[in-house]
file input_31.cif (mmCIF, C-alpha atoms and all ligand atoms)
data_start
#
loop_
_atom_site.label_atom_id
_atom_site.label_comp_id
_atom_site.auth_asym_id
_atom_site.auth_seq_id
_atom_site.Cartn_x
_atom_site.Cartn_y
_atom_site.Cartn_z
CA MET A 1 -6.42 42.89 -9.07
CA ALA A 2 -6.04 41.75 -5.48
CA THR A 3 -9.00 39.98 -3.96
CA LYS A 4 -10.67 41.95 -1.21
CA PRO A 5 -10.02 40.31 2.15
CA ASP A 6 -13.72 40.41 2.93
CA ALA A 7 -14.75 39.00 -0.45
CA LEU A 8 -17.55 36.49 -0.19
CA ALA A 9 -16.78 32.86 -0.94
CA VAL A 10 -20.14 32.72 -2.74
CA ASP A 11 -22.19 35.57 -4.09
CA LEU A 12 -25.80 34.52 -4.71
CA PRO A 13 -28.99 36.46 -3.92
CA GLU A 14 -30.40 35.80 -0.47
CA SER A 15 -33.78 34.95 -2.06
CA LEU A 16 -32.17 31.93 -3.72
CA TRP A 17 -30.76 30.63 -0.42
CA SER A 18 -34.19 31.13 1.20
CA ALA A 19 -35.90 29.20 -1.60
CA ALA A 20 -33.49 26.31 -1.16
CA VAL A 21 -33.85 26.36 2.63
CA ARG A 22 -37.68 26.37 2.35
CA THR A 23 -37.64 23.45 -0.07
CA LEU A 24 -35.28 21.39 2.07
CA GLU A 25 -37.06 22.23 5.33
CA GLY A 26 -40.32 21.02 3.82
CA ALA A 27 -38.91 17.70 2.63
CA HIS A 28 -39.84 14.50 4.49
CA THR A 29 -37.68 12.55 2.09
CA ALA A 30 -34.80 13.65 -0.13
CA ILE A 31 -32.52 12.06 -2.67
CA LEU A 32 -29.02 13.51 -2.98
CA VAL A 33 -27.09 12.70 -6.15
CA CYS A 34 -23.57 13.66 -7.21
CA HIS A 35 -21.65 13.03 -10.44
CA VAL A 36 -20.47 9.63 -11.65
CA ALA A 37 -17.00 8.55 -10.51
CA PRO A 38 -17.37 10.89 -7.53
CA ASP A 39 -14.41 12.84 -6.17
CA GLY A 40 -13.82 14.41 -2.76
CA ASP A 41 -15.96 17.46 -3.49
CA ALA A 42 -18.88 15.42 -4.84
CA LEU A 43 -18.87 12.96 -1.92
CA GLY A 44 -18.00 15.48 0.80
CA SER A 45 -20.67 17.98 -0.30
CA MET A 46 -23.35 15.31 -0.64
CA LEU A 47 -22.65 13.56 2.67
CA ALA A 48 -22.39 16.86 4.58
CA LEU A 49 -25.78 18.04 3.34
CA ALA A 50 -27.25 14.59 4.02
CA ARG A 51 -25.97 14.61 7.59
CA VAL A 52 -27.58 17.94 8.42
CA LEU A 53 -30.87 17.03 6.72
CA ARG A 54 -30.99 13.75 8.66
CA SER A 55 -30.38 15.58 11.93
CA ARG A 56 -33.48 17.61 11.10
CA GLY A 57 -35.58 14.48 10.56
CA THR A 58 -35.50 14.16 6.78
CA GLU A 59 -35.14 10.65 5.37
CA VAL A 60 -32.16 10.96 3.01
CA THR A 61 -30.79 8.70 0.29
CA CYS A 62 -27.32 9.42 -1.16
CA THR A 63 -26.22 7.91 -4.46
CA TRP A 64 -24.63 8.43 -7.88
CA GLY A 65 -25.24 6.86 -11.25
CA ASP A 66 -22.25 4.77 -12.31
CA ALA A 67 -23.36 1.73 -14.33
CA THR A 68 -20.72 -0.28 -12.48
CA TRP A 69 -21.22 1.17 -9.04
CA VAL A 70 -18.57 1.01 -6.33
CA VAL A 71 -17.77 3.18 -3.34
CA PRO A 72 -14.38 4.68 -4.27
CA PRO A 73 -11.81 2.91 -2.06
CA SER A 74 -9.84 6.09 -1.38
CA TYR A 75 -12.90 7.66 0.22
CA ARG A 76 -14.06 4.72 2.36
CA TRP A 77 -12.81 6.54 5.46
CA LEU A 78 -15.25 9.44 5.07
CA PRO A 79 -17.83 9.93 7.83
CA ASP A 80 -21.24 8.45 6.83
CA ILE A 81 -19.86 6.80 3.67
CA ASP A 82 -21.64 3.59 4.78
CA THR A 83 -25.01 5.31 4.27
CA VAL A 84 -24.68 5.56 0.46
CA VAL A 85 -26.68 3.18 -1.75
CA ALA A 86 -26.41 1.89 -5.32
CA PRO A 87 -28.49 3.73 -7.94
CA SER A 88 -30.77 0.68 -8.33
CA GLN A 89 -31.95 1.16 -4.74
CA VAL A 90 -33.17 4.75 -5.02
CA PRO A 91 -36.70 5.19 -3.58
CA ARG A 92 -39.23 7.84 -4.60
CA SER A 93 -38.85 11.10 -2.75
CA ASP A 94 -40.10 14.68 -2.25
CA VAL A 95 -36.96 16.51 -3.23
CA LEU A 96 -33.97 15.79 -5.46
CA VAL A 97 -30.68 17.60 -4.81
CA VAL A 98 -28.02 17.35 -7.53
CA LEU A 99 -24.50 18.28 -6.39
CA ASP A 100 -21.23 19.07 -8.22
CA THR A 101 -22.76 17.90 -11.51
CA ALA A 102 -22.52 20.17 -14.56
CA SER A 103 -24.70 18.22 -16.98
CA ARG A 104 -27.29 15.50 -17.21
CA ASP A 105 -24.91 12.92 -18.66
CA ARG A 106 -22.75 13.22 -15.53
CA LEU A 107 -25.73 11.73 -13.66
CA GLY A 108 -25.07 8.47 -15.56
CA VAL A 109 -27.90 5.96 -15.17
CA LEU A 110 -29.79 8.42 -12.92
CA GLY A 111 -30.38 11.03 -15.66
CA ASP A 112 -34.13 10.35 -15.67
CA LEU A 113 -34.45 11.18 -11.95
CA ALA A 114 -34.15 14.86 -12.80
CA ASP A 115 -37.29 14.64 -14.99
CA SER A 116 -39.48 12.93 -12.41
CA ALA A 117 -38.39 15.01 -9.39
CA ARG A 118 -41.22 17.00 -7.84
CA GLU A 119 -38.77 19.59 -6.52
CA LEU A 120 -35.19 19.98 -7.65
CA VAL A 121 -32.25 21.84 -6.14
CA VAL A 122 -28.98 22.09 -8.12
CA ILE A 123 -25.79 22.97 -6.20
CA ASP A 124 -22.71 23.40 -8.37
CA HIS A 125 -19.66 25.47 -9.30
CA HIS A 126 -18.86 24.31 -12.85
CA ALA A 127 -18.43 26.98 -15.52
CA HIS A 128 -21.10 25.58 -17.82
CA ASN A 129 -23.89 24.01 -15.82
CA SER A 130 -26.66 22.98 -18.18
CA GLY A 131 -29.61 20.74 -18.69
CA LEU A 132 -31.21 20.81 -15.24
CA SER A 133 -33.95 23.13 -14.02
CA GLY A 134 -35.08 23.81 -10.43
CA ILE A 135 -33.56 26.03 -7.76
CA GLN A 136 -30.06 26.78 -8.98
CA LEU A 137 -27.44 27.41 -6.32
CA ILE A 138 -24.74 27.72 -8.96
CA ASP A 139 -21.66 29.93 -8.73
CA PRO A 140 -18.89 29.23 -11.25
CA ALA A 141 -16.58 31.39 -9.15
CA ALA A 142 -16.96 29.15 -6.09
CA ALA A 143 -13.86 27.08 -5.37
CA ALA A 144 -15.87 23.93 -4.63
CA THR A 145 -19.44 22.75 -4.32
CA ALA A 146 -18.56 22.29 -0.64
CA VAL A 147 -18.29 26.09 -0.34
CA LEU A 148 -21.90 26.46 -1.53
CA VAL A 149 -23.05 23.67 0.77
CA GLU A 150 -21.31 25.33 3.71
CA GLU A 151 -23.23 28.56 3.02
CA LEU A 152 -26.46 26.58 2.79
CA LEU A 153 -25.83 24.62 6.00
CA ARG A 154 -25.13 27.80 7.99
CA ARG A 155 -28.70 28.78 7.05
CA LEU A 156 -30.18 25.34 7.79
CA ALA A 157 -28.57 24.43 11.09
CA PRO A 158 -27.56 26.32 14.23
CA SER A 159 -24.17 24.58 14.24
CA ILE A 160 -22.05 22.16 12.22
CA ASP A 161 -20.65 19.05 13.89
CA VAL A 162 -17.14 17.60 13.48
CA GLU A 163 -18.20 15.02 10.88
CA THR A 164 -19.98 17.61 8.73
CA ALA A 165 -17.01 19.98 9.00
CA THR A 166 -14.68 17.12 7.99
CA LEU A 167 -16.79 16.29 4.92
CA LEU A 168 -16.92 19.93 3.78
CA TYR A 169 -13.20 20.37 4.36
CA VAL A 170 -12.52 17.30 2.19
CA GLY A 171 -14.50 18.94 -0.63
CA LEU A 172 -12.69 22.24 -0.19
CA VAL A 173 -9.17 20.85 0.10
CA THR A 174 -9.53 18.41 -2.84
CA ASP A 175 -11.01 20.92 -5.31
CA THR A 176 -8.47 23.62 -4.40
CA GLY A 177 -5.56 21.13 -4.58
CA SER A 178 -4.68 21.83 -0.94
CA PHE A 179 -5.22 25.58 -1.44
CA GLN A 180 -2.76 25.68 -4.33
CA HIS A 181 -5.08 26.42 -7.29
CA PRO A 182 -5.89 30.00 -8.36
CA VAL A 183 -9.43 29.63 -6.92
CA THR A 184 -7.83 30.01 -3.48
CA THR A 185 -9.01 33.42 -2.25
CA PRO A 186 -9.07 34.96 1.23
CA ALA A 187 -12.71 33.90 1.38
CA VAL A 188 -11.75 30.28 0.71
CA HIS A 189 -9.37 30.37 3.67
CA ALA A 190 -12.13 31.96 5.73
CA VAL A 191 -14.39 28.98 4.95
CA ALA A 192 -11.53 26.62 5.87
CA GLY A 193 -11.04 28.57 9.10
CA ARG A 194 -14.71 28.14 10.04
CA LEU A 195 -14.52 24.40 9.34
CA LEU A 196 -11.40 24.05 11.49
CA ALA A 197 -13.20 25.94 14.24
CA ASP A 198 -16.00 23.37 13.91
CA GLY A 199 -13.50 20.58 14.48
CA ALA A 200 -12.15 19.48 11.09
CA ASP A 201 -8.59 18.16 11.53
CA PRO A 202 -6.54 19.36 8.51
CA SER A 203 -3.54 17.24 9.33
CA ALA A 204 -5.49 13.98 9.69
CA ILE A 205 -7.52 14.75 6.55
CA SER A 206 -4.42 15.53 4.46
CA ARG A 207 -2.77 12.34 5.67
CA GLN A 208 -5.82 10.34 4.53
CA LEU A 209 -6.04 12.13 1.18
CA TRP A 210 -2.39 12.51 0.16
CA GLY A 211 -0.07 11.08 2.76
CA THR A 212 -1.23 7.48 2.48
CA ARG A 213 -0.61 5.45 -0.67
CA SER A 214 -0.54 1.73 -1.22
CA PHE A 215 2.49 -0.08 -2.58
CA GLY A 216 0.29 -0.90 -5.60
CA PHE A 217 -0.25 2.80 -6.31
CA ASN A 218 3.48 3.35 -6.47
CA THR A 219 3.90 0.50 -8.96
CA VAL A 220 1.16 1.95 -11.23
CA LEU A 221 2.75 5.39 -10.90
CA GLY A 222 6.03 3.80 -12.00
CA ALA A 223 4.33 2.19 -15.02
CA ALA A 224 2.70 5.50 -15.94
CA LEU A 225 5.98 7.42 -15.63
CA SER A 226 7.83 4.79 -17.71
CA ARG A 227 5.49 5.64 -20.62
CA LEU A 228 5.64 9.42 -20.18
CA ARG A 229 5.74 11.43 -23.44
CA LEU A 230 6.83 15.07 -23.73
CA GLU A 231 5.75 17.05 -26.81
CA GLU A 232 7.25 20.50 -26.38
CA GLN A 233 5.79 21.84 -29.64
CA ALA A 234 2.25 20.68 -28.87
CA ALA A 235 -0.45 23.03 -27.55
CA ASP A 236 0.80 25.74 -29.88
CA GLY A 237 4.29 25.61 -28.39
CA ARG A 238 3.20 25.60 -24.76
CA GLY A 239 4.06 21.93 -24.42
CA TRP A 240 2.13 18.81 -23.54
CA VAL A 241 3.14 15.88 -21.33
CA TRP A 242 1.07 12.74 -21.23
CA THR A 243 0.89 9.08 -20.34
CA TRP A 244 -1.60 6.30 -19.78
CA THR A 245 -2.47 3.41 -17.48
CA THR A 246 -4.11 0.12 -18.47
CA ILE A 247 -6.61 -2.27 -16.90
CA ASP A 248 -3.70 -4.69 -16.54
CA ASP A 249 -1.73 -2.12 -14.49
CA LEU A 250 -4.66 -1.85 -12.11
CA ALA A 251 -5.32 -5.60 -11.96
CA THR A 252 -1.66 -6.36 -11.19
CA ALA A 253 -1.64 -3.79 -8.40
CA GLY A 254 -5.14 -4.71 -7.15
CA LEU A 255 -6.37 -1.13 -7.48
CA ALA A 256 -9.64 0.55 -8.46
CA LEU A 257 -9.62 3.38 -10.99
CA ASP A 258 -10.23 6.12 -8.42
CA GLU A 259 -7.10 5.12 -6.50
CA ILE A 260 -4.81 6.32 -9.30
CA GLU A 261 -6.23 9.87 -9.39
CA PRO A 262 -2.96 11.27 -7.89
CA VAL A 263 -0.90 10.16 -10.93
CA ILE A 264 -1.94 13.38 -12.70
CA ASP A 265 -0.59 15.43 -9.78
CA VAL A 266 2.90 14.04 -10.40
CA VAL A 267 2.71 14.44 -14.19
CA ARG A 268 1.34 18.00 -14.08
CA ALA A 269 4.43 19.30 -12.29
CA THR A 270 6.50 18.88 -15.49
CA ARG A 271 8.12 22.28 -16.13
CA GLU A 272 8.44 21.85 -19.91
CA ALA A 273 4.70 21.44 -20.50
CA ASP A 274 1.73 23.68 -19.81
CA VAL A 275 -0.72 20.83 -20.36
CA ALA A 276 -0.65 17.41 -18.72
CA ALA A 277 -2.89 14.43 -19.41
CA VAL A 278 -3.28 10.93 -18.04
CA PHE A 279 -5.46 8.41 -19.91
CA LYS A 280 -6.78 5.89 -17.39
CA GLN A 281 -8.27 2.73 -18.86
CA ASP A 282 -11.52 1.63 -17.26
CA GLY A 283 -12.95 -1.90 -16.94
CA ASP A 284 -14.86 -1.58 -20.26
CA GLY A 285 -11.68 -0.66 -22.16
CA SER A 286 -12.51 3.05 -22.49
CA PHE A 287 -10.14 5.70 -21.17
CA ARG A 288 -10.99 8.32 -18.57
CA VAL A 289 -8.80 11.23 -19.50
CA SER A 290 -7.67 13.72 -16.85
CA THR A 291 -6.18 16.99 -18.11
CA ARG A 292 -4.54 19.87 -16.25
CA SER A 293 -3.06 23.20 -17.33
CA ARG A 294 -0.34 25.14 -15.51
CA GLY A 295 -2.20 28.32 -16.46
CA ALA A 296 -1.87 29.06 -20.18
CA THR A 297 -4.50 26.71 -21.68
CA ASP A 298 -8.25 26.38 -21.15
CA VAL A 299 -8.39 22.60 -20.90
CA GLY A 300 -12.09 22.85 -19.95
CA ALA A 301 -12.82 24.08 -23.50
CA VAL A 302 -10.55 21.38 -24.95
CA CYS A 303 -12.32 18.62 -23.04
CA ALA A 304 -15.77 20.05 -23.83
CA ALA A 305 -14.88 19.81 -27.53
CA LEU A 306 -14.06 16.14 -26.94
CA GLY A 307 -17.37 15.40 -25.20
CA GLY A 308 -16.31 16.04 -21.59
CA GLY A 309 -15.97 19.14 -19.45
CA GLY A 310 -14.67 20.54 -16.20
CA HIS A 311 -12.88 23.74 -15.25
CA LYS A 312 -10.41 25.96 -17.14
CA LEU A 313 -7.34 24.40 -15.52
CA ALA A 314 -8.68 20.92 -14.63
CA ALA A 315 -10.97 18.95 -16.90
CA GLY A 316 -11.65 15.54 -18.35
CA PHE A 317 -13.41 13.45 -20.96
CA THR A 318 -14.02 9.80 -21.73
CA SER A 319 -12.44 8.28 -24.84
CA TYR A 320 -13.63 5.09 -26.51
CA ASP A 321 -10.59 5.07 -28.84
CA ASP A 322 -7.21 3.43 -28.29
CA VAL A 323 -4.26 5.30 -26.75
CA ASP A 324 -2.80 6.58 -30.04
CA THR A 325 -6.14 7.79 -31.42
CA THR A 326 -7.04 9.42 -28.11
CA ALA A 327 -3.69 11.22 -28.11
CA GLU A 328 -4.20 12.30 -31.72
CA ARG A 329 -7.61 13.79 -30.99
CA LEU A 330 -6.40 15.58 -27.88
CA ARG A 331 -3.26 16.84 -29.66
CA ALA A 332 -5.42 18.29 -32.45
CA GLN A 333 -7.68 20.13 -29.97
CA LEU A 334 -4.68 21.43 -28.02
CA ALA A 335 -3.16 22.93 -31.17
CA SER A 336 -5.94 25.52 -31.29
CA ALA A 337 -6.85 25.63 -27.58
CA PRO A 338 -7.93 28.99 -26.15
CA ALA A 339 -6.18 30.65 -23.23
CA PRO A 340 -8.13 30.54 -19.93
P1 LIG B 401 -10.51 14.67 -12.95
O1 LIG B 401 -9.40 14.73 -13.92
O2 LIG B 401 -11.28 13.39 -13.03
O3 LIG B 401 -10.06 15.01 -11.56
O4 LIG B 401 -11.54 15.80 -13.37
C1 LIG B 401 -11.20 17.16 -13.41
C2 LIG B 401 -12.42 18.00 -13.61
O5 LIG B 401 -13.04 17.69 -14.86
C3 LIG B 401 -13.52 17.77 -12.59
O6 LIG B 401 -14.13 19.01 -12.31
C4 LIG B 401 -14.50 16.86 -13.25
O7 LIG B 401 -15.79 17.06 -12.79
C5 LIG B 401 -14.37 17.25 -14.71
N1 LIG B 401 -14.57 16.09 -15.59
C6 LIG B 401 -13.80 14.98 -15.64
N2 LIG B 401 -14.27 14.11 -16.56
C7 LIG B 401 -15.35 14.68 -17.11
C8 LIG B 401 -16.29 14.29 -18.13
N3 LIG B 401 -16.20 13.11 -18.77
N4 LIG B 401 -17.30 15.15 -18.41
C9 LIG B 401 -17.41 16.33 -17.79
N5 LIG B 401 -16.56 16.76 -16.83
C10 LIG B 401 -15.55 15.96 -16.49
MN MN B 402 -16.30 16.87 -8.75
MN MN B 403 -16.29 20.32 -7.47
#

call {"tool": "encode", "arguments": {"input": "input_31.cif", "output": "structure tokens", "more": "lines below"}}
Ligand code: AMP
Ligand code: MN
Ligand code: MN
result
Amino acid sequence: MATKPDALAVDLPESLWSAAVRTLEGAHTAILVCHVAPDGDALGSMLALARVLRSRGTEVTCTWGDATWVVPPSYRWLPDIDTVVAPSQVPRSDVLVVLDTASRDRLGVLGDLADSARELVVIDHHAHNSGLSGIQLIDPAAAATAVLVEELLRRLAPSIDVETATLLYVGLVTDTGSFQHPVTTPAVHAVAGRLLADGADPSAISRQLWGTRSFGFNTVLGAALSRLRLEEQAADGRGWVWTWTTIDDLATAGLALDEIEPVIDVVRATREADVAAVFKQDGDGSFRVSTRSRGATDVGAVCAALGGGGHKLAAGFTSYDDVDTTAERLRAQLASAPAP
């Protein structure tokens, strides 16, 4: 069925928006938290909300709960990124806002914050958001958390400045894969249109996100592609293509883990496979596994069965096994994976 041109980007009752607005307007201090290993949507949504709350006089702290905490190098150009603090420096506050985080374990070392918060607002678009109470601005049909934050900010502020528009656009454009994923509706383009009208520069943002790669990235991409495996019979005949990167690859290239996120975008284009996976070894030896489907496999369900989560066509999990064992476990889940 075609999407109606006037379809809403988010469809939540107005009473829920009002409750969130009241809570945020009444906050002298607020802590904003996104998921561990934050991506463009997590950071963009959090920093955009923070910026508007600060302009209204709220004292805001932005953070996330990685045990080994670093600001992801590929996002160091974002407006206001210098305002974020390590999880150890989080003060007490009136209100806690949790963004783009589907479950408590994705809060990492900050999981307990959700218990002690006096008031809690959850803003998310994952299919299975669980484990947190409070005001729930959750719409699994929303293309990005940034879409929900944009709706909220239009109710909180008379206008959105260039920096805020840039941050929201980063969330929107990263989670829709530059408007390529099936979540891209007319309403999503309408949100993008509003953000461009507010001053976001799509060309400059795309250049930062995708048009700029270090020499080191290309060498790690080469290493990953040199190990590429195609299993055409896997995933019940739909095909699976996969590879991995090691701590040594990253050390040699002088890269942080978040900087090799785009490797999956190259691997996933493989015609012969519906499912793609990249196992990325972290500093502690574990592997962060990124999975993608070209449309025939619910990788969100597959990754949930392996202790992770995500969306139907883009999901992940962490593996504490070696490469072969990780592949074996994923292969076994893929054999009986549901369709999206
Ligand atoms: P990534 O491959 O890291 O870009 O992640 C794709 C999607 O899966 C994102 O929506 C993530 O939030 C989600 N995801 C990745 N890793 C995990 C995990 N360990 N647990 C739950 N969700 C995850
Ligand atoms: Mn995210
Ligand atoms: Mn998101």

call {"tool": "residues_around", "arguments": {"input": "input_31.cif", "residues": "Glu261 in chain A", "least_positions_apart": "6", "cutoff": "10 Å", "atoms": "all atoms listed in the file", "output": "list in words"}}
result
Asp39, Ser74, Phe217, Val278, Lys280 and Ser290 of chain A

call {"tool": "residues_near_ligand", "arguments": {"input": "input_31.cif", "ligand": "ligand MN 403 (chain B)", "cutoff": "7 Å", "atoms": "all atoms listed in the file", "output": "PyMOL selection string"}}
result
chain A and resi 41-42+100+125+144-145+175

call {"tool": "residues_around", "arguments": {"input": "input_31.cif", "residues": "Val170 in chain A", "least_positions_apart": "4", "cutoff": "6 Å", "atoms": "all atoms listed in the file", "output": "PDB file with C-alpha atoms, in the coordinates of the input"}}
result
ATOM      1  CA  GLY A  40     -13.820  14.410  -2.760  1.00  0.00           C
ATOM      2  CA  GLY A  44     -18.000  15.480   0.800  1.00  0.00           C
ATOM      3  CA  THR A 174      -9.530  18.410  -2.840  1.00  0.00           C
TER       4      THR A 174
END

call {"tool": "residues_near_ligand", "arguments": {"input": "input_31.cif", "ligand": "ligand MN 402 (chain B)", "cutoff": "12 Å", "atoms": "all atoms listed in the file", "output": "PyMOL selection string"}}
result
chain A and resi 33-46+64+98-103+106-107+123-126+143-146+170-172+174-176+309-311+314-316

call {"tool": "closest_residue", "arguments": {"input": "input_31.cif", "among": "A:Ala337, A:Leu221, A:Val289, A:Leu330", "to": "ligand LIG 401 (chain B)", "atoms": "all atoms listed in the file"}}
result
A:Val289

call {"tool": "closest_residue", "arguments": {"input": "input_31.cif", "among": "A:Glu272, A:Asp298, A:Asp105, A:Asp66", "to": "ligand LIG 401 (chain B)", "atoms": "all atoms listed in the file"}}
result
A:Asp105

call {"tool": "atom_distance", "arguments": {"input": "input_31.cif", "atom1": "CA of Gln208 in chain A", "atom2": "CA of Ala276 in chain A"}}
result
24.8 Å

call {"tool": "axis_aligned_box", "arguments": {"input": "input_31.cif", "around": "range 199-217 of chain A", "padding_each_side": "4 Å", "output": "AutoDock Vina command-line options"}}
result
--center_x -5.5 --center_y 9.8 --center_z 4.1 --size_x 24.0 --size_y 29.5 --size_z 28.8

call {"tool": "closest_residue", "arguments": {"input": "input_31.cif", "among": "A:Phe179, A:Trp240, A:Phe287, A:Phe215", "to": "ligand LIG 401 (chain B)", "atoms": "only C-alpha atoms and all ligand atoms"}}
result
A:Phe287

call {"tool": "closest_residue", "arguments": {"input": "input_31.cif", "among": "A:Gly193, A:Gly57, A:Gly300, A:Pro87", "to": "Ile31 in chain A", "atoms": "all atoms listed in the file"}}
result
A:Pro87
